[in-house]
file run36.cif (mmCIF, C-alpha atoms)
data_run
loop_
_atom_site.label_atom_id
_atom_site.label_comp_id
_atom_site.auth_asym_id
_atom_site.auth_seq_id
_atom_site.Cartn_x
_atom_site.Cartn_y
_atom_site.Cartn_z
CA MET A 21 -12.52 -11.80 -22.51
CA GLY A 22 -9.75 -9.39 -23.40
CA ALA A 23 -7.88 -7.00 -21.18
CA VAL A 24 -9.84 -4.09 -19.89
CA GLY A 25 -9.74 -1.12 -22.20
CA THR A 26 -7.61 1.91 -21.53
CA ALA A 27 -8.31 5.59 -21.75
CA SER A 28 -5.30 5.97 -24.02
CA SER A 29 -2.54 3.68 -25.22
CA GLY A 30 -0.45 4.19 -22.09
CA THR A 31 -3.06 5.09 -19.49
CA PRO A 32 -5.17 2.51 -17.64
CA ALA A 33 -8.91 3.19 -17.56
CA TRP A 34 -10.36 3.73 -14.09
CA ARG A 35 -13.64 2.11 -15.00
CA GLY A 36 -13.93 -1.65 -14.78
CA GLY A 37 -11.48 -4.08 -13.27
CA PHE A 38 -8.49 -1.80 -12.74
CA GLY A 39 -10.50 0.73 -10.74
CA ARG A 40 -11.75 -1.99 -8.40
CA LEU A 41 -8.27 -3.48 -8.02
CA TRP A 42 -6.86 -0.02 -7.24
CA THR A 43 -9.57 0.63 -4.64
CA ALA A 44 -8.98 -2.77 -3.04
CA ALA A 45 -5.22 -2.14 -2.85
CA VAL A 46 -5.61 1.33 -1.34
CA VAL A 47 -8.23 0.28 1.22
CA SER A 48 -6.17 -2.73 2.27
CA ARG A 49 -2.96 -0.69 2.60
CA PHE A 50 -4.76 1.84 4.82
CA GLY A 51 -5.73 -0.95 7.22
CA ASP A 52 -2.27 -2.51 7.04
CA ALA A 53 -0.66 0.79 8.03
CA LEU A 54 -2.86 1.01 11.11
CA ARG A 55 -2.03 -2.58 12.10
CA THR A 56 1.72 -2.43 11.45
CA SER A 57 1.96 0.77 13.51
CA ALA A 58 -0.11 -0.63 16.37
CA LEU A 59 1.49 -4.09 16.53
CA PRO A 60 4.88 -2.98 17.99
CA LEU A 61 3.06 -0.72 20.46
CA LEU A 62 0.99 -3.68 21.59
CA ALA A 63 4.14 -5.80 21.92
CA VAL A 64 5.73 -3.10 24.10
CA ARG A 65 2.65 -3.13 26.34
CA LEU A 66 2.91 -6.91 26.75
CA THR A 67 6.68 -7.14 27.36
CA GLY A 68 9.64 -4.86 27.97
CA GLN A 69 12.27 -7.19 26.47
CA PRO A 70 13.71 -5.81 23.20
CA LEU A 71 14.60 -9.25 21.83
CA VAL A 72 11.06 -10.52 22.36
CA ILE A 73 9.63 -7.43 20.67
CA ALA A 74 12.07 -7.88 17.79
CA SER A 75 10.94 -11.49 17.40
CA VAL A 76 7.47 -10.23 16.45
CA THR A 77 9.02 -8.17 13.65
CA ALA A 78 11.33 -10.99 12.57
CA CYS A 79 8.47 -13.47 12.33
CA GLY A 80 6.69 -10.96 10.12
CA TYR A 81 9.50 -11.32 7.54
CA LEU A 82 10.51 -14.96 8.01
CA PRO A 83 7.79 -16.45 5.73
CA TRP A 84 9.29 -14.67 2.72
CA LEU A 85 12.50 -16.58 3.30
CA LEU A 86 10.70 -19.88 3.92
CA PHE A 87 7.75 -19.72 1.53
CA GLY A 88 8.39 -16.82 -0.87
CA LEU A 89 9.38 -18.94 -3.88
CA PHE A 90 6.69 -21.48 -3.04
CA GLY A 91 4.07 -18.70 -3.03
CA GLY A 92 5.16 -17.60 -6.50
CA ALA A 93 4.84 -21.12 -7.89
CA VAL A 94 1.38 -21.55 -6.38
CA ALA A 95 0.33 -18.15 -7.78
CA ASP A 96 1.26 -19.34 -11.28
CA ARG A 97 -0.70 -22.57 -10.84
CA VAL A 98 -4.01 -21.29 -9.50
CA GLY A 99 -6.46 -18.58 -10.55
CA GLN A 100 -4.93 -15.36 -9.25
CA ARG A 101 -8.23 -13.56 -8.64
CA ARG A 102 -9.64 -16.44 -6.61
CA ALA A 103 -6.42 -16.85 -4.64
CA MET A 104 -6.35 -13.13 -3.80
CA TRP A 105 -9.88 -12.82 -2.44
CA LEU A 106 -9.59 -16.07 -0.49
CA VAL A 107 -6.31 -14.93 1.08
CA ASP A 108 -7.75 -11.53 1.99
CA THR A 109 -10.78 -13.19 3.56
CA VAL A 110 -8.60 -15.44 5.71
CA ARG A 111 -6.36 -12.52 6.70
CA GLY A 112 -9.40 -10.48 7.67
CA LEU A 113 -10.65 -13.29 9.90
CA LEU A 114 -7.23 -13.71 11.52
CA VAL A 115 -6.89 -10.02 12.36
CA ALA A 116 -10.49 -9.92 13.59
CA GLY A 117 -9.57 -12.80 15.91
CA LEU A 118 -6.74 -10.73 17.37
CA ALA A 119 -9.06 -7.77 17.88
CA LEU A 120 -11.50 -10.06 19.70
CA ALA A 121 -8.71 -11.52 21.84
CA MET A 122 -7.64 -8.01 22.81
CA GLY A 123 -11.19 -7.07 23.70
CA LEU A 124 -11.34 -10.13 25.98
CA GLY A 125 -7.93 -9.40 27.49
CA CYS A 126 -6.36 -12.55 26.00
CA ALA A 127 -3.63 -10.98 23.84
CA SER A 128 -0.12 -12.37 24.31
CA ILE A 129 3.29 -12.31 22.64
CA PRO A 130 2.93 -15.86 21.25
CA LEU A 131 -0.38 -14.79 19.70
CA LEU A 132 1.27 -11.74 18.08
CA ILE A 133 4.12 -13.89 16.74
CA ALA A 134 1.68 -16.44 15.30
CA LEU A 135 -0.39 -13.67 13.70
CA ALA A 136 2.62 -11.88 12.17
CA PHE A 137 3.93 -15.15 10.74
CA SER A 138 0.55 -16.27 9.38
CA LEU A 139 -0.28 -12.93 7.73
CA THR A 140 3.05 -12.80 5.92
CA ALA A 141 2.83 -16.46 4.89
CA LEU A 142 -0.48 -15.62 3.21
CA GLN A 143 1.01 -12.43 1.77
CA THR A 144 3.61 -14.45 -0.16
CA LEU A 145 0.75 -15.86 -2.24
CA PHE A 146 -1.28 -12.65 -2.43
CA ASP A 147 1.52 -10.32 -3.56
CA ASN A 148 2.81 -12.67 -6.25
CA ALA A 149 -0.72 -13.36 -7.49
CA SER A 150 -1.51 -9.63 -7.69
CA THR A 151 1.62 -8.98 -9.77
CA ALA A 152 0.62 -11.76 -12.16
CA LEU A 153 -3.02 -10.60 -12.31
CA LEU A 154 -2.52 -7.00 -13.47
CA PRO A 155 -1.60 -7.85 -17.10
CA SER A 156 -5.05 -9.47 -17.36
CA LEU A 157 -6.74 -6.16 -16.47
CA VAL A 158 -4.86 -3.59 -18.57
CA THR A 159 -3.08 -3.59 -21.90
CA ARG A 160 0.66 -4.10 -22.13
CA GLU A 161 1.20 -0.41 -22.98
CA ALA A 162 -0.71 0.68 -19.86
CA LEU A 163 1.19 -1.49 -17.37
CA GLY A 164 3.61 1.27 -16.41
CA GLY A 165 0.83 3.76 -15.70
CA ALA A 166 -1.21 1.14 -13.85
CA ASN A 167 1.70 0.19 -11.59
CA ALA A 168 2.45 3.85 -10.92
CA ARG A 169 -1.14 4.54 -9.88
CA LEU A 170 -1.29 1.43 -7.71
CA MET A 171 1.94 2.20 -5.87
CA THR A 172 1.19 5.90 -5.47
CA GLY A 173 -2.26 5.13 -4.08
CA GLN A 174 -0.90 2.52 -1.68
CA GLN A 175 1.88 4.76 -0.39
CA SER A 176 -0.50 7.68 0.06
CA ALA A 177 -3.01 5.51 1.93
CA GLY A 178 -0.32 3.99 4.13
CA GLY A 179 1.41 7.25 5.01
CA LEU A 180 -0.65 10.39 4.42
CA LEU A 181 -4.07 8.94 5.22
CA ALA A 182 -3.35 6.35 7.91
CA GLY A 183 -0.61 8.32 9.69
CA PRO A 184 -2.89 10.82 11.49
CA PHE A 185 -5.08 7.99 12.81
CA VAL A 186 -2.27 6.08 14.53
CA PRO A 187 -1.90 8.47 17.54
CA LEU A 188 -5.68 8.31 18.03
CA SER A 189 -5.75 4.52 18.40
CA PRO A 190 -4.99 4.41 22.16
CA ALA A 191 -7.86 6.79 22.86
CA SER A 192 -10.30 4.81 20.72
CA GLY A 193 -9.25 1.44 22.16
CA ALA A 194 -6.14 -0.62 21.52
CA PHE A 195 -8.12 -3.13 19.47
CA MET A 196 -9.53 -0.57 17.02
CA PRO A 197 -6.59 -0.54 14.53
CA PHE A 198 -6.88 -4.31 14.22
CA ALA A 199 -10.64 -4.23 13.86
CA ALA A 200 -10.25 -1.59 11.12
CA ASP A 201 -7.61 -3.70 9.37
CA ALA A 202 -9.90 -6.74 9.46
CA GLY A 203 -12.66 -4.67 7.87
CA THR A 204 -10.40 -3.39 5.09
CA TYR A 205 -9.30 -6.94 4.28
CA LEU A 206 -12.90 -8.05 3.88
CA VAL A 207 -13.79 -5.02 1.73
CA ALA A 208 -10.75 -5.69 -0.47
CA ALA A 209 -11.71 -9.36 -0.76
CA ALA A 210 -15.20 -8.42 -1.97
CA LEU A 211 -13.78 -6.01 -4.57
CA VAL A 212 -11.28 -8.54 -5.91
CA ALA A 213 -13.93 -11.27 -6.01
CA SER A 214 -16.05 -9.02 -8.25
CA LEU A 215 -13.32 -8.75 -10.91
CA ARG A 216 -13.83 -10.36 -14.29
CA VAL A 217 -10.52 -11.23 -15.90
CA ARG A 218 -9.47 -13.28 -18.88
CA PRO A 219 -7.74 -16.57 -18.06
CA PRO A 220 -3.94 -16.22 -18.17
CA GLU A 221 -2.04 -17.87 -20.99
CA ARG A 222 -0.37 -20.94 -19.53
CA GLU A 223 1.51 -23.77 -21.11
CA PRO A 224 0.36 -27.24 -20.04
CA ARG A 225 2.39 -28.53 -17.12
CA PRO A 226 4.55 -31.55 -17.98
CA ALA A 227 3.43 -34.84 -16.51
CA GLY A 228 4.88 -35.31 -13.05
CA SER A 229 5.72 -31.61 -12.67
CA THR A 230 6.19 -30.54 -9.05
CA LEU A 231 6.34 -27.16 -7.35
CA ARG A 232 10.07 -27.66 -6.91
CA THR A 233 10.68 -28.13 -10.63
CA GLU A 234 8.42 -25.18 -11.45
CA ILE A 235 10.30 -22.95 -9.00
CA GLY A 236 13.54 -23.99 -10.71
CA ALA A 237 12.09 -23.14 -14.12
CA GLY A 238 11.11 -19.69 -12.89
CA LEU A 239 14.57 -19.02 -11.47
CA ARG A 240 16.19 -20.13 -14.73
CA ALA A 241 13.89 -17.81 -16.68
CA LEU A 242 14.96 -14.91 -14.47
CA TRP A 243 18.63 -15.86 -14.76
CA ARG A 244 18.52 -15.97 -18.58
CA ASP A 245 17.19 -12.41 -18.81
CA ARG A 246 20.12 -10.13 -17.99
CA VAL A 247 17.96 -7.04 -17.62
CA LEU A 248 15.73 -8.69 -15.02
CA THR A 249 18.73 -10.30 -13.36
CA CYS A 250 20.41 -6.92 -12.89
CA GLY A 251 17.16 -5.44 -11.63
CA ALA A 252 16.87 -8.20 -9.04
CA GLY A 253 20.32 -7.32 -7.76
CA VAL A 254 21.85 -10.74 -8.35
CA ALA A 255 25.37 -9.70 -7.41
CA ILE A 256 26.97 -13.03 -8.35
CA ARG A 257 26.37 -12.46 -12.03
CA ALA A 258 26.39 -8.69 -12.31
CA PRO A 259 27.59 -6.86 -9.16
CA MET A 260 25.94 -3.49 -8.63
CA PRO A 261 27.91 -0.89 -6.65
CA MET A 262 26.32 0.21 -3.39
CA TRP A 263 25.88 3.77 -4.61
CA HIS A 264 23.48 2.45 -7.26
CA SER A 265 21.39 0.92 -4.48
CA SER A 266 21.45 4.26 -2.69
CA VAL A 267 20.12 6.05 -5.75
CA ALA A 268 17.45 3.37 -6.15
CA THR A 269 16.41 3.87 -2.53
CA ARG A 270 16.09 7.61 -2.99
CA THR A 271 13.94 7.10 -6.06
CA ALA A 272 12.09 4.06 -4.75
CA ARG A 273 8.79 4.86 -6.43
CA VAL A 274 10.27 5.15 -9.91
CA TRP A 275 12.49 2.13 -9.32
CA ASN A 276 9.65 -0.09 -8.11
CA VAL A 277 7.28 0.93 -10.90
CA ASN A 278 9.86 0.13 -13.58
CA ARG A 279 10.95 -3.09 -11.87
CA VAL A 280 7.44 -4.52 -11.61
CA THR A 281 6.49 -3.37 -15.11
CA LEU A 282 9.59 -5.04 -16.57
CA MET A 283 8.69 -8.29 -14.85
CA GLN A 284 5.16 -8.19 -16.26
CA GLN A 285 6.23 -7.22 -19.78
CA ARG A 286 9.31 -9.40 -20.20
CA GLY A 287 8.43 -12.47 -18.17
CA PRO A 288 6.39 -15.27 -19.73
CA GLY A 289 2.77 -14.93 -18.61
CA SER A 290 2.89 -18.35 -16.98
CA MET A 291 5.96 -17.42 -14.89
CA VAL A 292 5.30 -13.88 -13.65
CA GLY A 293 4.40 -15.09 -10.16
CA ARG A 294 7.63 -17.08 -9.82
CA ILE A 295 9.79 -14.26 -11.16
CA ALA A 296 8.11 -11.78 -8.79
CA SER A 297 8.66 -14.14 -5.86
CA ALA A 298 12.39 -14.30 -6.63
CA PHE A 299 12.59 -10.49 -6.54
CA ARG A 300 10.72 -10.23 -3.25
CA THR A 301 12.50 -13.12 -1.56
CA SER A 302 15.94 -11.74 -2.43
CA SER A 303 15.03 -8.27 -1.15
CA THR A 304 13.71 -9.48 2.23
CA SER A 305 15.92 -12.51 2.91
CA GLY A 306 18.12 -10.68 5.44
CA ALA A 307 15.29 -8.97 7.33
CA PRO A 308 14.58 -11.73 9.92
CA LEU A 309 18.25 -11.93 10.95
CA GLY A 310 18.47 -8.14 11.04
CA ALA A 311 15.46 -7.91 13.34
CA PHE A 312 16.89 -10.49 15.74
CA LEU A 313 20.33 -8.84 15.74
CA GLY A 314 18.76 -5.44 16.37
CA GLY A 315 16.72 -6.77 19.28
CA ALA A 316 19.73 -8.53 20.79
CA ALA A 317 21.89 -5.41 20.43
CA ALA A 318 19.22 -3.24 22.06
CA GLY A 319 18.88 -5.67 24.97
CA LEU A 320 22.63 -5.90 25.59
CA TYR A 321 23.91 -2.42 24.79
CA GLY A 322 20.94 -0.04 24.80
CA LEU A 323 18.42 1.31 22.34
CA ASN A 324 21.03 3.21 20.28
CA ALA A 325 23.01 0.05 19.54
CA PRO A 326 20.87 -1.19 16.60
CA ALA A 327 21.40 2.07 14.70
CA LEU A 328 25.16 1.93 15.27
CA LEU A 329 25.25 -1.73 14.22
CA ALA A 330 23.33 -0.90 11.04
CA ALA A 331 25.79 1.89 10.22
CA VAL A 332 28.73 -0.52 10.57
CA LEU A 333 27.05 -3.11 8.32
CA PHE A 334 26.24 -0.51 5.64
CA ALA A 335 29.83 0.75 5.69
CA SER A 336 31.12 -2.83 5.41
CA ALA A 337 28.86 -3.44 2.42
CA VAL A 338 30.30 -0.39 0.67
CA VAL A 339 33.86 -1.62 1.25
CA VAL A 340 33.01 -5.06 -0.14
CA LEU A 341 31.15 -3.83 -3.22
CA ILE A 342 33.35 -0.92 -4.31
CA PRO A 343 35.80 -3.19 -6.23
CA GLY A 344 32.90 -4.71 -8.20
CA ARG A 345 32.58 -3.75 -11.84
CA GLU A 346 29.41 -2.14 -13.07
CA PRO A 347 27.74 -4.08 -15.89
CA GLY A 348 27.74 -1.89 -18.98
CA VAL A 349 24.30 -0.79 -20.04
CA SER A 350 25.26 -1.31 -23.67
CA ALA A 351 26.26 -4.91 -22.95
CA VAL A 352 22.92 -5.60 -21.34
CA ALA A 353 21.13 -3.90 -24.22
CA ARG A 354 22.99 -6.00 -26.81
CA ALA A 355 22.04 -9.17 -24.96
CA ASP A 356 18.46 -8.00 -24.65
CA SER A 357 17.32 -9.27 -28.02
CA VAL A 358 19.01 -12.64 -27.55
CA SER A 359 18.71 -13.51 -23.87
CA THR A 360 15.27 -12.80 -22.45
CA ALA A 361 12.96 -14.54 -20.08
CA ARG A 362 10.69 -15.36 -22.99
CA SER A 363 13.37 -17.62 -24.42
CA ALA A 364 12.54 -20.05 -21.62
CA ARG A 365 9.12 -20.73 -23.08
#
call {"tool": "encode", "arguments": {"input": "run36.cif", "output": "structure tokens"}}
result
Amino acid sequence: MGAVGTASSGTPAWRGGFGRLWTAAVVSRFGDALRTSALPLLAVRLTGQPLVIASVTACGYLPWLLFGLFGGAVADRVGQRRAMWLVDTVRGLLVAGLALAMGLGCASIPLLIALAFSLTALQTLFDNASTALLPSLVTREALGGANARLMTGQQSAGGLLAGPFVPLSPASGAFMPFAADAGTYLVAAALVASLRVRPPEREPRPAGSTLRTEIGAGLRALWRDRVLTCGAGVAIRAPMPMWHSSVATRTARVWNVNRVTLMQQRGPGSMVGRIASAFRTSSTSGAPLGAFLGGAAAGLYGLNAPALLAAVLFASAVVVLIPGREPGVSAVARADSVSTARSAR
């Protein structure tokens, strides 16, 4: 079965697999926005200690540091569609369990920490699998448009649509945002399970191949492609001045669309999950420590301290990175035809 047809050479068709994937992503993001907004409020109700509250946030990022690369390797080994709907089903059951515990008056901080950690551990597999799955649903020329529609829909669902419902959650019952999130996970799982995709092109794994060796192969493929390496922000090889990161932050939608599309177009089909996991792991690796430091600062010096600490760290980063040389675009372009991720195949 080939990739799903497109309305035009660069525009993904809404009918068929892409439309269902888009709907699943938007519905799931709506529920996630309700849960992520309600979780800190629930933690505040259960404890008044800033460091304990921050630990809930930190444990929501920690799995990316521990399992991010592992999740990418698993995503490249298994069927992405099957992995995605199974993960969403499990996440729906976990969040439904929290909603039930709240209804019974059994919610606790350890339960919130365990839930935050478990959901993100599962997300490391889901997100990498979804990045690797999209090229099986649309043509190569339509990947940019498909990523743009996916990200725009998710951001709209998470902000514009879910935002007005968050203040209403206390009146409707503290467990309602979590019950709604559980429902959206199960709906998304059903939509993804209904997809029909062509099997990805994969080279046979060498005898005795392990997840560790496959993770190493994915990192080497990323390292060989200078365009992807610069996009990942690997400062050791090609330092990027901080003002470039600032511009990227201000234009996050365009940046993310191009970044993901480049991974899908340039990376070998059998390594997209591992390359995506390297991007995500590098971008979130400092978040757990930042959450703990922010909680500790708030507990010791007041609620304004985390913002002041963040300002000092940002200023320090600028001082460190200003001497770095910007990699010339022409140099990267010249290397493009010689050093690409596909050379690792």
call {"tool": "resolve_selection", "arguments": {"input": "run36.cif", "expression": "the PyMOL selection byres ((chain A and resi 163) around 9)", "output": "list of chain:residue names"}}
result
A:Gly30, A:Thr31, A:Pro32, A:Leu154, A:Pro155, A:Val158, A:Thr159, A:Arg160, A:Glu161, A:Ala162, A:Gly164, A:Gly165, A:Ala166, A:Asn167, A:Ala168, A:Thr281, A:Gln284, A:Gln285
call {"tool": "residues_near_point", "arguments": {"input": "run36.cif", "point": "(11.7, -18.1, -10.3)", "cutoff": "12 Å", "atoms": "all atoms listed in the file", "output": "ChimeraX atom specification"}}
result
/A:88-96,148,231-245,248-249,252,283,287-288,290-302,361,364
call {"tool": "closest_residue", "arguments": {"input": "run36.cif", "among": "A:Met171, A:Met104, A:Ala78, A:Ala177", "to": "Ser214 (chain A)", "atoms": "all atoms listed in the file"}}
result
A:Met104
call {"tool": "resolve_selection", "arguments": {"input": "run36.cif", "expression": "the PyMOL selection byres ((chain A and resi 51) around 10)", "output": "number ranges by chain"}}
result
A: 46-50, 52-56, 177-178, 182, 197-205
call {"tool": "write_last_selection", "arguments": {"input": "run36.cif", "atoms": "C-alpha atoms", "output": "mmCIF file, in the frame of the given file"}}
result
data_model
loop_
_atom_site.group_PDB
_atom_site.id
_atom_site.type_symbol
_atom_site.label_atom_id
_atom_site.label_comp_id
_atom_site.auth_asym_id
_atom_site.auth_seq_id
_atom_site.Cartn_x
_atom_site.Cartn_y
_atom_site.Cartn_z
ATOM 1 C CA VAL A 46 -5.610 1.330 -1.340
ATOM 2 C CA VAL A 47 -8.230 0.280 1.220
ATOM 3 C CA SER A 48 -6.170 -2.730 2.270
ATOM 4 C CA ARG A 49 -2.960 -0.690 2.600
ATOM 5 C CA PHE A 50 -4.760 1.840 4.820
ATOM 6 C CA ASP A 52 -2.270 -2.510 7.040
ATOM 7 C CA ALA A 53 -0.660 0.790 8.030
ATOM 8 C CA LEU A 54 -2.860 1.010 11.110
ATOM 9 C CA ARG A 55 -2.030 -2.580 12.100
ATOM 10 C CA THR A 56 1.720 -2.430 11.450
ATOM 11 C CA ALA A 177 -3.010 5.510 1.930
ATOM 12 C CA GLY A 178 -0.320 3.990 4.130
ATOM 13 C CA ALA A 182 -3.350 6.350 7.910
ATOM 14 C CA PRO A 197 -6.590 -0.540 14.530
ATOM 15 C CA PHE A 198 -6.880 -4.310 14.220
ATOM 16 C CA ALA A 199 -10.640 -4.230 13.860
ATOM 17 C CA ALA A 200 -10.250 -1.590 11.120
ATOM 18 C CA ASP A 201 -7.610 -3.700 9.370
ATOM 19 C CA ALA A 202 -9.900 -6.740 9.460
ATOM 20 C CA GLY A 203 -12.660 -4.670 7.870
ATOM 21 C CA THR A 204 -10.400 -3.390 5.090
ATOM 22 C CA TYR A 205 -9.300 -6.940 4.280
#
call {"tool": "resolve_selection", "arguments": {"input": "run36.cif", "expression": "the PyMOL selection byres ((chain A and resi 73) around 12)", "output": "count of residues only"}}
result
35
call {"tool": "closest_residue", "arguments": {"input": "run36.cif", "among": "A:Ala141, A:Leu309, A:Ala194, A:Leu41", "to": "Trp105 (chain A)", "atoms": "all atoms listed in the file"}}
result
A:Leu41
